[in-house]
Each structure stands twice: as structure tokens, then as C-alpha cells.
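Single-structure report; data block below.
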Amino acid sequence: MKKLFRFPGGIEVPQYKEISITQATKKAKLPARLVLPLHQHIGAPAEPIVAEGEIVLKGQKIAHATDYVSAPIHAPTSGTVSYIGDREAPHPSGMRAPCIEIIPDGKETWVELTSHARDYTALDPSSLRNVIREAGIVGLGGAGFPSYIKLNPGPGREIETLIINGIECEPYITCDDMLMRERADEIVAGVLVIQHALQAKRTVIAIEDNKPEAIESVKSAIKQLAEDLIDVAVIPTIYPAGSEKQLVYAITGEEVPSEGLPVQVGVVCQNIGTVAAVYRAVHHGEPLISRYVTITGDVDSPQNLEVLFGTIVEELVAQCSDNVQDIKRLIIGGPMMGFAMHSLNIPLIKTSNCVLVDRGRHSQFSGREHIMPCIRCGACAQVCPIKLLPQQLYWYAKAEDLDQVQNYNLFDCIECGCCDYVCPSHIPLVQYYRFAKGEIWQREEERLKSDKARLRHEFRERRIERDKQEAEERRRLKKEALHKKATNAENKDPADEKNDPKKAAILAAMERVREKKSSQKINPKNTDNLSKKQHQLIDEIDERRKRQRQDEQQSGVD
Amino acid sequence: MKLYTPSSPHTHAPISVTKVMLKVLYALLPGIAIYILLFGWGVLINILLALSAGLIAETIMLKVRKRPLFPFLTDGSAVLTAVLLALSIPPIAPWWVPVFGVVFAIIVAKHLYGGLGYNPFNPAMVGYAMLIISFPREMTSWMAPKSLTETELGFAESAGVIFQNPEALKHLDAISSATPLDYLKSQLGLDHAVAEIIQSNSIFGGIAGAGYEWVALAFLLGGVWLIYQKIIQWHIPLSVLASLFLIAGIFHLLNPEQFASPLFHLVAGATLLGAFFIATDPVTASVTPLGKIIYGAGIGLLIYIIRVWGGYPDAVAFAVLFMNMCAPAIDYYTKPKVYGQRNE
């Protein structure tokens, strides 16, 4: 095994993983209804291609990707589409979002599937990527970035290292651990598909050293299926070793550029769960419709379940716990980076790896104590895996100094929560950073909007000015021409005039009319710097006059 | 059912400001114990006086500033300030010296700047600086360790000295003595050589002062424990000691007759207490890794400069206060390179 690199900072957190690995993963009960949000991934939401009342089969595509960065959604089981519209979404804001609701028929009838088990090596890269795209596969580690995009490094870019992330550094969560123990052969087969798609020179499956069974299982699967093709890197258990930037550094010693992607240093990372999904899609033609989910914390029987997407959290927790009434806090994800949800009535989606329940019975993941002033101890800076100065970020975020907070590289913060975890003053640091990021995004948006409005206004002003100038110019030219003609006529050849007396007469008449008109018209003064409102007023007045004139004319005709 | 929806992380290390302060106090205990053992009850009376005055001042200021007594009174910061200042005051100083010093430290240096976490200067050292400037006589009359004096003061007699009982004050002459640093400085002023001075007086003990050196080594022990406990980091203490050792070593090599050995400077006076317990006060120190080293090195250099060429026998307080002033600028110029950011 190659040398590993130690990323800076990080913390040791009590793991509590042992409580949810005591039993083998079972399939969750088929729920009474499934609620599938159209937006389960990064990018554009999917668009429904079924109608209410339609009967769908298991694995049938029910919503298609609308953009390059987007992913389709498939029916997790056979049944009837009962509703398309807003439902409570698994979002920390508690918002509602467009969903497709399916009432299962209990038959689990599959749609027809196409396997590429034998011929995937013969497929050209873009067709292979398309198989993965059409299977609706997104990163199952948490972010939910459409996986097929990561399999396209771009022309002329070589992938040095493919890293399969089996770190699972968050406490409590064990779904990747269980997946590696139970389906190592699928994972290895999936890794081979991705390795082929990327033509990666080196492939590493990275696993934290607190999962010896998973390491064994993966190693033996590699021995059977892919001897010498895949390395296993055993990484010391330090949170957040599973974070992409930290993992890339641990394996390659390279830093992913700020605001950049691993591919810029020749690395692609895929989560263990994603890899297993790629296997199922390519070898069996099965789209992504379920995943391993850890249900843990204050439940009677913490465990992993294979859950269909769209399953409501309350139903799922009820399978592990007799009582769901006294739940105080529900976290989707782990205790370090997970999101506390407003309700139990939310569906599980592609990125939901863990349901962490707090009923206030254990102090395992207790709340904060009194928030004290910062004593500048610097514990935060010591644990920051990005080498930020969390304390300075906190001061500036608190003062809403949005320039300084960016000078201190706020946007490199991965919100891992290490600084927050060790703060002796119990300051909710991550909350401050999220607030500052939100403020900056919002102001940026407002700035863009006002820039647009300003530009539009300036263009309008300029257009009005230009029209006015052009009109004046035309008038001037005509006047000049006329003047010239008149003087010519006087001074020189009267015969000229005779050449076309009719024309001259018409011109003269027109000029008279025009003069009369312009003398009637009040010449505008000081109109150069009129405000928008004044312009509006003038327009209104002109409009009124026009109407009056029309009325007069009409009455004259009558 | 209303669910509780705080922001992540949803778990926290079992640590608090009180625990940090308590650990620092525990680390001071061996030094304090040996100090009392070798120098008598005056040390303890000093600490108790400072503690009472400190907690009263803290309570009053919290009330005046309309801050809750809990958790601020129990955060341990006032206790620590009081103990550190008491340890810097001669054990035979009159009662009002520690009381006045601590009250000044808590009210002026701490609360007038915004209380815990907001004071730019180390409160204990501000108190000390105020005392030594205002009351130089009281602040420089130290005592010899019990082993070197015929008279040993009991608790009551020590209290008598501190509370200025005329009966007890009669003992003062028998026990008072200049500190090794002070004595060395005044004798060097009389053109004596270092070796000669050290041999001429038994207060110099083995390395840097009979009794004092043991107290200093006990503080070293406590400081190392603090590093092991991850309450402080090695950067500041090590750079204080290294820079002091280096500059003292250079001058000692150039002219051993006029400049004491680096080892003497490391163990003498408040060097070790200062390096591990005072310079490391997080509120007022630098926070970046490189910044801490610069900050510590500055303190070490200033300690030496003021001790050797300045007007005071010891210099930890002034060195620390001066570097407190520089800490924000040091931090600004020593930001660590952030992951993924290109070097500018």
C-alpha cells in the first residue's frame, strides 16, 4: 500500500456505530405510500412524465432529467400515481416541494430491464455514462451530485486516481459499513465499471480503520474478482476523513483547488453506495430506487434497512421503535453535519443516509450548554481540516463584515463542525458561517438584480435621448436644405424654381404648416434631466391631448 | 409534535470554559503547594485575599453590567486572574497590595474592556504592572525561603505581617530578602562578576534561587501537564523559553562575568510561570501557529532585555503586556495557508 498523508486538524468523536451493526440489513416494509420529491439531487429538478391515476411499474421512469446537471426519478415499486404536487420535503427549512406520490399495489412488478453485464466494456464511454445517467444515479454520500458527470473528466484529462469513499466518518452512521460487509462483490464489480469508464490509472477503496469487517470483506472480494486492479487504503479514524477534500489529500497528498473539483488534480471520488448502484444499473439494468439507511440514536432497535425512496420517515422509525410520539429531534444525516427536520412526515430520498432520532433519553448527542464569549483559545483553528481561522470568521460573521469574512476564506469552509464541536464557549460557529454565506449569496443576488434594473433604466434613458437627438437632427437638416433652396432661388436662377414650381409650392406649404405646428407646440425646456416619473407624467399628458384631439376631430366629423 | 431544529453539529465535546480554567488551576497546584511549603503561609493568605477580592469585584461588575452571575461567576476566569496575580506578589506584602491589584485587574483590565474574552491585556499582568509602578517598595520586598532563615512564621504571624500587626512586623527584618534576580542586578551595578555574586549569597541556591527554583520547576511540571491535556499548545511556552535561552546564551558566552547563564534566566523569577501560565492566556495571546511562535519569542527577548538593561529586576509582566499589544497585528500577518488556496 502506498503512503498515506495526514490532513491537518480533525477530531476524534465518540462513534456510537456499534449500536446499529448488530443485525443484518433487512428490507424495510413496503410502505402504504411513497412520496418522491422531484428534486433529490444537485441541479435542476426532474420533470414528471406520468399523470395522476397512471399505473406505473417498479423501476419505470416517472420523471426525466431536465438539464445536464439533473437526474431522472423512477418508481420504487409498482402502483398507481395518486398525486402530483407539493408535499413536505426533507429540507431543513420545512418547506414543501413538488413530489410524485405513488400508492403501491404490493405486487412489485418490475419494468423490463436491460443488462449490460457482458457488453459494458464494449460500450463507448458516452453510452456507458448514459446508462448510469438514465438509472438516476447521484452521489449517495450526501451531496447528490449526478454521478455520470463525474465519469466524464473532459477531453485530454487523465484520471490518475479513482477513490472509492468507504470512510463514513460521521458517528452513528453505518450504512456504508453494512453495504461493504454484505455486498462487497457488487461494490467491486461496480468499481470495475467506473474504472473502465474513467480509464483510471490507480483505483483505491478507502475505508476507515474502525471497520475491520468491511475491510476484510472488500479485500476478499477484490481477491476473487479484481486481483491487483484495486487497492484498499485503511485510513485512521479521524473526523472528517470522509470529506472529499480531506480524502483526496489523505490518498494523494494533493489539495483540491479552492472552489475547484478533484478532477483538477486528476482525482475522481465516488461513494461506496454510488458504486453499488452503478453495478446494479449496468449489470442488471436496475435504476436507483432504494438504498441502505441507518436508523439509529434513541430507537429501540437501531439498525440498517434497505429503504425504497419516498418512504416516510415516521413509518420507517416505527419499524425500529415502538413509540414515535416522544421524538424531540430528528436528524437526517449524522450528528456532525446532518440536518434537523421540522417533521416526521417527510420522505427519504437518494441522499438520506441516516435517520438519527433524539428522544431526550440519552445525552449521547446532547445540545449545547450556555453560550459563553469566545476566549480565543484557538481550539477551533487547531481542529479545522481546511486550516481556516474559525475564530476570525466568527468575529467577522457576527459583525456582518461580509468582505472580511470572505478575505478569511469563508467559502472554503466545508461546515464539518469540528470547530463548533471543540469550542469550550459552546458558540454555534457553523450557524454563524451558514448565516454569513446566506447573507453573501442574497446580497450578490440583489446586486445582480439591481445591476440589471440599472442597466435597463440607463438604456431607456439613452434611447429616449437618442430619439430626441435624431429628431432634432432631421429637423435641422430639413431646415437647412430648405434655407439653401430659398437662398438659391433668390440669388441665382429663378428658372430653377420654374423647373418644378409645383414641388416648391408643396414644400413651402409643408414648411408653413410645420412652422405653424411648432409655434403652437410649447417648446420643452429643461427636459434633459427629467426623472422617470416626470417622463411618465409627460407621456400621460401627451396621451390625454391626443385623445382630446381625436375626440374633437370625431365630433367635427359628426 | 414540534421538533427541535437546531443547526449542526448536534453533538459537542465535553468541554467548557469552566473546565479549561479549572484545568489551568489544577496545573498550578503543585507549584502553589511547594511555594507554601518553602515560603510559608503568606503565600496562601495572599491567594485567599486575592480570591475573595477578585470574586467580589467580579460579582459587582457583573451586577453593574447587568450580566447573569451564572455562568459568568463560575467560569473560573476571575479565580485564575486572582491566583496568578497573588503568585506574583511578595508573600509578605501588606494585605491591600493583592486586594488592590486584583480589584484593578478585574474592574479595569477585564470588565471595562468588555469582560471575559474581550480584554486585550492579560488582567493579572495589568494588575501587577499597576502595583509595581505604584508601590515599588511593597512589590520588591520579598522573603528568603524558610530554609535560609532562623525565624519561621506560623499562620497567625504570617497573617500578622500581611495585616500590618506591629508585633508581627518585627519579624520582617529576619525573613525579608531580595530575590536572586534583584540581588544580581544591584550587585552587577556595583561591578561585581556574576560568579562572584552568586557565590557570595546563599539565596542563589542550585540554579537560580534557593526555594524559588523548586517552585519554578513545579510550575514547569504543571505546564507540561497542560500541554499533555491539550489545554495549551507547545508553541508559546517553547518559544518564550527558547528565545530567552538563546539570547541569554549568546551574551553569557560573550561575557560570562557580566551576564548570567541562560539556565539561570530560565529558572529564575517568573520565567516558567510566565511561559506556561501567563503568556499562554488565550484571550490576549496570538492564535495562529506561526503567530504564537513570534509572540512567544518576543516575550522571551523582552524578558531578557528588561531584566538585563531595564529598570526592573523581573520583566515577565511588561514583556507579556507589550506582546499583547502586538498580538492582533501578528495574527493578521501570520494567517496560515488555507487548504486549496494558492500561495500568493
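Numbering starts fresh at 1 for the residues of each chain in the C-alpha cells, the chains themselves are lettered A, B, ... in the order given, and ligands are numbered from 1 as they appear.
Using only C-alpha atoms, the contacts of Gly139 of chain A at a cut-off of 10 Å, with sequence neighbours closer than 4 positions omitted, comprise His41, Ile42, Ala143, Gly144, Phe145, Pro146, Ser147, Tyr148, Lys150, Cys269, Gln270, Asn271, Ile272, Gly273, Thr274, Val275, Ala277, Lys350 and Thr351 of chain A.
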Chain A residues near chain B within 8 Å, closest pair each, using only C-alpha atoms, as a Markdown table:
```
| residue | atom | partner | partner_atom | distance |
| --- | --- | --- | --- | --- |
| A:Val13 | CA | B:Ala13 | CA | 7.9 |
| A:Pro92 | CA | B:Thr5 | CA | 7.9 |
| A:Glu255 | CA | B:Gly340 | CA | 5.2 |
| A:Val256 | CA | B:Gly340 | CA | 5.3 |
| A:Pro257 | CA | B:Gly340 | CA | 4.1 |
| A:Ser258 | CA | B:Gly340 | CA | 4.5 |
| A:Gln325 | CA | B:Met1 | CA | 7.6 |
| A:Ile327 | CA | B:Leu3 | CA | 7.4 |
| A:Lys328 | CA | B:Leu3 | CA | 5.3 |
| A:Arg329 | CA | B:Tyr4 | CA | 5.1 |
| A:Leu330 | CA | B:Leu3 | CA | 7.1 |
| A:Pro335 | CA | B:His10 | CA | 4.9 |
| A:Met336 | CA | B:Pro9 | CA | 4.2 |
| A:Met337 | CA | B:Ser8 | CA | 5.4 |
| A:Gly338 | CA | B:Ser8 | CA | 6.2 |
| A:Phe339 | CA | B:Ser8 | CA | 6.5 |
| A:Ala340 | CA | B:Thr5 | CA | 4.8 |
| A:Met341 | CA | B:Thr5 | CA | 6.1 |
| A:His342 | CA | B:Leu3 | CA | 5.5 |
| A:Ser343 | CA | B:Leu3 | CA | 6.5 |
| A:Gln364 | CA | B:Thr11 | CA | 7.6 |
| A:Phe365 | CA | B:Thr11 | CA | 4.5 |
| A:Ser366 | CA | B:Thr11 | CA | 5.7 |
| A:Gly367 | CA | B:Thr11 | CA | 6.5 |
| A:Arg368 | CA | B:His12 | CA | 6.9 |
| A:His370 | CA | B:Pro71 | CA | 7.4 |
| A:Met372 | CA | B:Val17 | CA | 7.7 |
| A:Pro373 | CA | B:Gly117 | CA | 5.8 |
| A:Cys374 | CA | B:Gly117 | CA | 5.5 |
| A:Ile375 | CA | B:Gly117 | CA | 4.3 |
| A:Arg376 | CA | B:Val283 | CA | 5.0 |
| A:Cys377 | CA | B:Pro282 | CA | 4.6 |
| A:Gly378 | CA | B:Val287 | CA | 5.7 |
| A:Ala381 | CA | B:Thr288 | CA | 7.7 |
| A:Pro385 | CA | B:Tyr339 | CA | 7.9 |
| A:Ile386 | CA | B:Tyr339 | CA | 4.8 |
| A:Lys387 | CA | B:Val338 | CA | 5.1 |
| A:Leu388 | CA | B:Val338 | CA | 5.8 |
| A:Leu389 | CA | B:Lys335 | CA | 7.7 |
| A:Asn409 | CA | B:Val338 | CA | 7.7 |
| A:Asp412 | CA | B:Tyr339 | CA | 7.8 |
| A:Cys416 | CA | B:Pro9 | CA | 7.9 |
| A:Gly417 | CA | B:Pro9 | CA | 5.5 |
| A:Asp420 | CA | B:Pro9 | CA | 7.0 |
| A:Tyr421 | CA | B:His12 | CA | 4.6 |
| A:Val422 | CA | B:Ala13 | CA | 5.5 |
| A:Cys423 | CA | B:Ser16 | CA | 7.5 |
| A:Pro424 | CA | B:Ser16 | CA | 4.0 |
| A:Ser425 | CA | B:Val17 | CA | 5.7 |
| A:His426 | CA | B:Ser16 | CA | 7.1 |
| A:Pro428 | CA | B:Ser7 | CA | 7.9 |
| A:Val430 | CA | B:Ser8 | CA | 7.1 |
| A:Gln431 | CA | B:Ser7 | CA | 6.0 |
```
Just the selected residues (N, CA and C atoms), exported as a short mmCIF file (atom, residue, chain, number, x, y, z; two decimals), in the first residue's frame, please.
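Wrote selection09.cif, looks like this:
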```cif
data_model
loop_
_atom_site.label_atom_id
_atom_site.label_comp_id
_atom_site.auth_asym_id
_atom_site.auth_seq_id
_atom_site.Cartn_x
_atom_site.Cartn_y
_atom_site.Cartn_z
N VAL A 13 -14.19 11.73 17.56
CA VAL A 13 -15.55 11.84 18.11
C VAL A 13 -16.00 10.46 18.56
N PRO A 92 -34.24 21.28 5.59
CA PRO A 92 -34.18 21.84 6.95
C PRO A 92 -35.11 23.05 7.15
N GLU A 255 -3.88 18.91 -2.91
CA GLU A 255 -5.01 19.70 -2.43
C GLU A 255 -5.93 20.05 -3.59
N VAL A 256 -7.21 19.81 -3.40
CA VAL A 256 -8.19 20.22 -4.41
C VAL A 256 -8.22 21.75 -4.38
N PRO A 257 -8.05 22.40 -5.56
CA PRO A 257 -8.02 23.87 -5.54
C PRO A 257 -9.29 24.46 -4.94
N SER A 258 -9.12 25.61 -4.32
CA SER A 258 -10.26 26.31 -3.74
C SER A 258 -11.32 26.54 -4.80
N GLN A 325 -43.96 8.98 19.34
CA GLN A 325 -44.64 10.20 19.79
C GLN A 325 -43.72 11.15 20.56
N ILE A 327 -40.56 11.84 20.16
CA ILE A 327 -39.34 12.28 19.48
C ILE A 327 -39.18 13.79 19.61
N LYS A 328 -37.98 14.20 20.06
CA LYS A 328 -37.73 15.63 20.26
C LYS A 328 -37.02 16.25 19.05
N ARG A 329 -36.19 15.40 18.44
CA ARG A 329 -35.37 15.94 17.36
C ARG A 329 -35.13 14.82 16.36
N LEU A 330 -35.21 15.18 15.09
CA LEU A 330 -34.99 14.19 14.04
C LEU A 330 -33.92 14.75 13.11
N PRO A 335 -24.63 13.26 13.28
CA PRO A 335 -24.70 14.29 14.30
C PRO A 335 -23.79 15.49 14.01
N MET A 336 -22.79 15.33 13.15
CA MET A 336 -21.88 16.44 12.88
C MET A 336 -22.40 17.36 11.77
N MET A 337 -22.95 16.78 10.72
CA MET A 337 -23.33 17.60 9.57
C MET A 337 -24.78 17.41 9.15
N GLY A 338 -25.51 16.56 9.87
CA GLY A 338 -26.89 16.28 9.47
C GLY A 338 -27.80 17.48 9.69
N PHE A 339 -29.00 17.38 9.14
CA PHE A 339 -29.96 18.48 9.25
C PHE A 339 -31.13 18.06 10.13
N ALA A 340 -31.45 18.92 11.08
CA ALA A 340 -32.61 18.67 11.94
C ALA A 340 -33.86 19.05 11.16
N MET A 341 -34.84 18.13 11.14
CA MET A 341 -36.03 18.34 10.33
C MET A 341 -37.20 18.82 11.18
N HIS A 342 -38.14 19.46 10.52
CA HIS A 342 -39.28 20.01 11.24
C HIS A 342 -40.35 18.97 11.54
N SER A 343 -40.33 17.89 10.78
CA SER A 343 -41.46 16.97 10.88
C SER A 343 -41.01 15.54 10.59
N GLN A 364 -26.21 11.30 24.55
CA GLN A 364 -25.15 10.99 23.59
C GLN A 364 -24.90 12.13 22.62
N PHE A 365 -25.95 12.70 22.14
CA PHE A 365 -25.72 13.86 21.27
C PHE A 365 -26.55 15.03 21.79
N SER A 366 -26.15 15.46 22.96
CA SER A 366 -26.91 16.46 23.68
C SER A 366 -26.73 17.83 23.06
N GLY A 367 -27.56 18.73 23.47
CA GLY A 367 -27.48 20.10 22.97
C GLY A 367 -26.33 20.86 23.62
N ARG A 368 -26.31 22.12 23.32
CA ARG A 368 -25.23 22.94 23.83
C ARG A 368 -25.50 23.37 25.26
N HIS A 370 -24.52 26.69 28.01
CA HIS A 370 -24.58 28.15 27.85
C HIS A 370 -23.55 28.62 26.85
N MET A 372 -20.93 31.03 25.85
CA MET A 372 -20.07 32.00 26.55
C MET A 372 -19.33 32.84 25.51
N PRO A 373 -18.73 33.95 25.96
CA PRO A 373 -17.92 34.70 24.99
C PRO A 373 -16.73 33.88 24.53
N CYS A 374 -16.27 34.17 23.33
CA CYS A 374 -15.07 33.50 22.81
C CYS A 374 -13.88 33.87 23.68
N ILE A 375 -13.13 32.87 24.13
CA ILE A 375 -11.93 33.19 24.93
C ILE A 375 -10.68 33.07 24.07
N ARG A 376 -10.86 32.99 22.79
CA ARG A 376 -9.78 32.99 21.80
C ARG A 376 -8.78 31.86 22.03
N CYS A 377 -9.26 30.74 22.55
CA CYS A 377 -8.34 29.66 22.89
C CYS A 377 -7.72 29.04 21.65
N GLY A 378 -8.39 29.21 20.51
CA GLY A 378 -7.80 28.69 19.27
C GLY A 378 -8.00 27.20 19.07
N ALA A 381 -9.13 26.57 15.56
CA ALA A 381 -8.15 26.62 14.48
C ALA A 381 -7.31 25.33 14.46
N PRO A 385 -9.92 21.30 9.45
CA PRO A 385 -9.22 20.49 8.44
C PRO A 385 -8.87 21.29 7.19
N ILE A 386 -9.33 22.55 7.12
CA ILE A 386 -9.03 23.40 5.95
C ILE A 386 -7.98 24.44 6.35
N LYS A 387 -7.60 24.46 7.61
CA LYS A 387 -6.67 25.45 8.15
C LYS A 387 -7.22 26.88 8.06
N LEU A 388 -8.51 27.00 8.26
CA LEU A 388 -9.10 28.33 8.36
C LEU A 388 -8.87 28.86 9.78
N LEU A 389 -9.22 30.11 10.00
CA LEU A 389 -9.19 30.68 11.35
C LEU A 389 -10.64 30.88 11.79
N ASN A 409 -11.54 33.56 3.78
CA ASN A 409 -11.88 32.34 3.03
C ASN A 409 -13.08 31.57 3.56
N ASP A 412 -14.29 28.50 1.68
CA ASP A 412 -13.56 27.23 1.70
C ASP A 412 -14.04 26.35 2.85
N CYS A 416 -17.89 21.21 8.42
CA CYS A 416 -17.77 19.89 9.04
C CYS A 416 -18.13 19.94 10.52
N GLY A 417 -18.03 21.13 11.13
CA GLY A 417 -18.45 21.27 12.52
C GLY A 417 -17.38 20.96 13.55
N ASP A 420 -16.86 23.90 15.95
CA ASP A 420 -18.03 24.02 16.80
C ASP A 420 -17.98 22.97 17.92
N TYR A 421 -17.61 21.75 17.53
CA TYR A 421 -17.59 20.62 18.45
C TYR A 421 -16.63 20.86 19.61
N VAL A 422 -15.48 21.46 19.33
CA VAL A 422 -14.47 21.60 20.39
C VAL A 422 -14.55 22.94 21.12
N CYS A 423 -15.44 23.84 20.70
CA CYS A 423 -15.44 25.18 21.28
C CYS A 423 -15.84 25.13 22.76
N PRO A 424 -14.94 25.54 23.67
CA PRO A 424 -15.30 25.48 25.09
C PRO A 424 -16.38 26.50 25.44
N SER A 425 -16.54 27.51 24.61
CA SER A 425 -17.57 28.51 24.87
C SER A 425 -18.92 28.12 24.25
N HIS A 426 -18.95 26.96 23.61
CA HIS A 426 -20.19 26.43 23.01
C HIS A 426 -20.83 27.42 22.03
N PRO A 428 -22.18 28.54 18.56
CA PRO A 428 -22.64 27.81 17.37
C PRO A 428 -21.96 28.35 16.12
N VAL A 430 -20.77 27.08 13.25
CA VAL A 430 -21.21 26.72 11.90
C VAL A 430 -22.46 27.52 11.52
N GLN A 431 -23.31 27.73 12.52
CA GLN A 431 -24.51 28.52 12.27
C GLN A 431 -24.14 29.94 11.80
#
```
Assign secondary structure with DSSP using the backbone only, and return the residues of segment 64-250 of chain A in strand (DSSP E or B) as a ChimeraX atom specification.
/A:64,70,73-74,79-88,96-104,110,138,146,161-166,202-208,231-235,239
So that I have them on file, write out the residues from the current selection with C-alpha atoms, as an mmCIF file, in the first residue's frame.
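Contents of out-v3.cif, freshly written:
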```cif
data_model
loop_
_atom_site.group_PDB
_atom_site.id
_atom_site.type_symbol
_atom_site.label_atom_id
_atom_site.label_comp_id
_atom_site.auth_asym_id
_atom_site.auth_seq_id
_atom_site.Cartn_x
_atom_site.Cartn_y
_atom_site.Cartn_z
ATOM 1 C CA HIS A 64 -36.963 12.859 -16.545
ATOM 2 C CA SER A 70 -30.097 16.765 -13.261
ATOM 3 C CA ILE A 73 -36.548 9.549 -10.945
ATOM 4 C CA HIS A 74 -38.001 6.063 -11.094
ATOM 5 C CA GLY A 79 -48.586 1.001 -8.125
ATOM 6 C CA THR A 80 -50.683 3.985 -9.012
ATOM 7 C CA VAL A 81 -49.644 7.604 -9.230
ATOM 8 C CA SER A 82 -52.096 9.149 -6.780
ATOM 9 C CA TYR A 83 -50.947 12.722 -6.639
ATOM 10 C CA ILE A 84 -48.519 15.125 -8.284
ATOM 11 C CA GLY A 85 -47.951 18.347 -6.370
ATOM 12 C CA ASP A 86 -46.463 19.877 -3.255
ATOM 13 C CA ARG A 87 -45.678 17.754 -0.214
ATOM 14 C CA GLU A 88 -43.437 18.294 2.818
ATOM 15 C CA ARG A 96 -42.968 21.961 0.685
ATOM 16 C CA ALA A 97 -41.794 20.916 -2.754
ATOM 17 C CA PRO A 98 -43.209 19.231 -5.879
ATOM 18 C CA CYS A 99 -43.487 15.466 -5.428
ATOM 19 C CA ILE A 100 -44.964 12.439 -7.133
ATOM 20 C CA GLU A 101 -46.972 10.243 -4.782
ATOM 21 C CA ILE A 102 -47.405 6.559 -5.524
ATOM 22 C CA ILE A 103 -49.765 4.108 -3.806
ATOM 23 C CA PRO A 104 -48.044 0.697 -4.093
ATOM 24 C CA TRP A 110 -40.683 -4.827 -12.464
ATOM 25 C CA VAL A 138 -26.418 10.506 -7.949
ATOM 26 C CA PRO A 146 -25.320 13.353 -10.674
ATOM 27 C CA THR A 161 -6.577 8.137 -9.071
ATOM 28 C CA LEU A 162 -10.111 6.884 -8.632
ATOM 29 C CA ILE A 163 -11.019 6.988 -4.951
ATOM 30 C CA ILE A 164 -13.960 4.982 -3.712
ATOM 31 C CA ASN A 165 -15.087 6.580 -0.469
ATOM 32 C CA GLY A 166 -15.947 3.994 2.151
ATOM 33 C CA ARG A 202 -4.945 3.719 -9.922
ATOM 34 C CA THR A 203 -8.056 2.762 -8.005
ATOM 35 C CA VAL A 204 -8.273 2.908 -4.239
ATOM 36 C CA ILE A 205 -11.097 1.897 -1.962
ATOM 37 C CA ALA A 206 -10.605 3.971 1.205
ATOM 38 C CA ILE A 207 -12.044 2.597 4.438
ATOM 39 C CA GLU A 208 -11.614 3.896 7.973
ATOM 40 C CA ASP A 231 -6.014 -1.102 -3.698
ATOM 41 C CA VAL A 232 -7.569 -0.847 -0.276
ATOM 42 C CA ALA A 233 -6.379 2.111 1.819
ATOM 43 C CA VAL A 234 -7.050 1.847 5.539
ATOM 44 C CA ILE A 235 -7.409 5.376 6.874
ATOM 45 C CA TYR A 239 -13.381 13.022 11.547
#
```
Name all residues at most 12 Å from segment 120-125 of chain A (count only C-alpha atoms; drop same-chain ones fewer than 2 positions away) and give them as a VMD selection string.
chain A and resid 114 to 118 127 to 132 148 to 149 151 to 155 189 to 190 192 to 199 278 to 279 281 to 285
Per DSSP on the backbone, filter segment 203-285 of chain A down to the residues in alpha helix (DSSP H) and report them as number ranges by chain.
A: 212-225, 244-252, 272-284
Select, from B:Ala129, B:Leu172, B:Ala193, B:Ala248, the residue with the minimum atom-to-atom distance to Phe322 of chain B, counting only C-alpha atoms.
B:Ala129
Selected residue of minimal separation from Cys326 of chain B among B:Ile294, B:Trp142, B:Tyr228, B:Gly31, counting only C-alpha atoms:
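The answer is B:Ile294, which sits nearest to Cys326 of chain B.
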Do you know which residues are at most 7 Å from Val383 of chain A counting only C-alpha atoms, after dropping those on the same chain fewer than 5 positions away, and could you put them as a PyMOL selection string?
chain A and resi 9-11+418-419
Export N, CA and C atoms of the chosen residues as a tab-separated table (two decimals), in the first residue's frame?
```tsv
chain	number	residue	atom	x	y	z
A	9	GLY	N	-5.66	19.10	11.25
A	9	GLY	CA	-6.85	19.22	12.09
A	9	GLY	C	-7.63	17.92	12.21
A	10	GLY	N	-8.93	18.06	12.33
A	10	GLY	CA	-9.79	16.90	12.53
A	10	GLY	C	-9.95	16.59	14.01
A	11	ILE	N	-10.95	15.79	14.31
A	11	ILE	CA	-11.21	15.47	15.72
A	11	ILE	C	-11.53	13.99	15.89
A	418	CYS	N	-16.14	20.70	13.12
A	418	CYS	CA	-15.08	20.38	14.09
A	418	CYS	C	-14.87	21.54	15.06
A	419	CYS	N	-14.81	22.77	14.53
A	419	CYS	CA	-14.55	23.94	15.36
A	419	CYS	C	-15.65	24.09	16.41
```
With distances taken over only C-alpha atoms, which of A:Ala63, A:Ala504, A:Leu537, A:Ile289 is nearest to His39 of chain A?
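Of A:Ala63, A:Ala504, A:Leu537, A:Ile289, the one nearest His39 of chain A is A:Ala63, counting only C-alpha atoms.
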Can you tell me which residues surround segment 250-267 of chain B at a distance of at most 9 Å, considering only C-alpha atoms, apart from same-chain residues fewer than 3 positions away, and format the answer as a list in words?
Leu181, Leu184, Leu188, Asp191, His192, Ala193, Val194, Ala195, Glu196, Ile207, Ala208, Gly209, Tyr212, Glu213, Trp214, Ala216, Leu217, Leu241, Leu244, Phe245, Leu246, Ile247, Ala270, Thr271, Leu272, Tyr304 and Val308 of chain B
Contacts of Gln246 of chain A within 8 Å, only C-alpha atoms, excl. fewer than 4 positions in-chain, as a PyMOL selection string:
chain A and resi 7+240-242+250+385
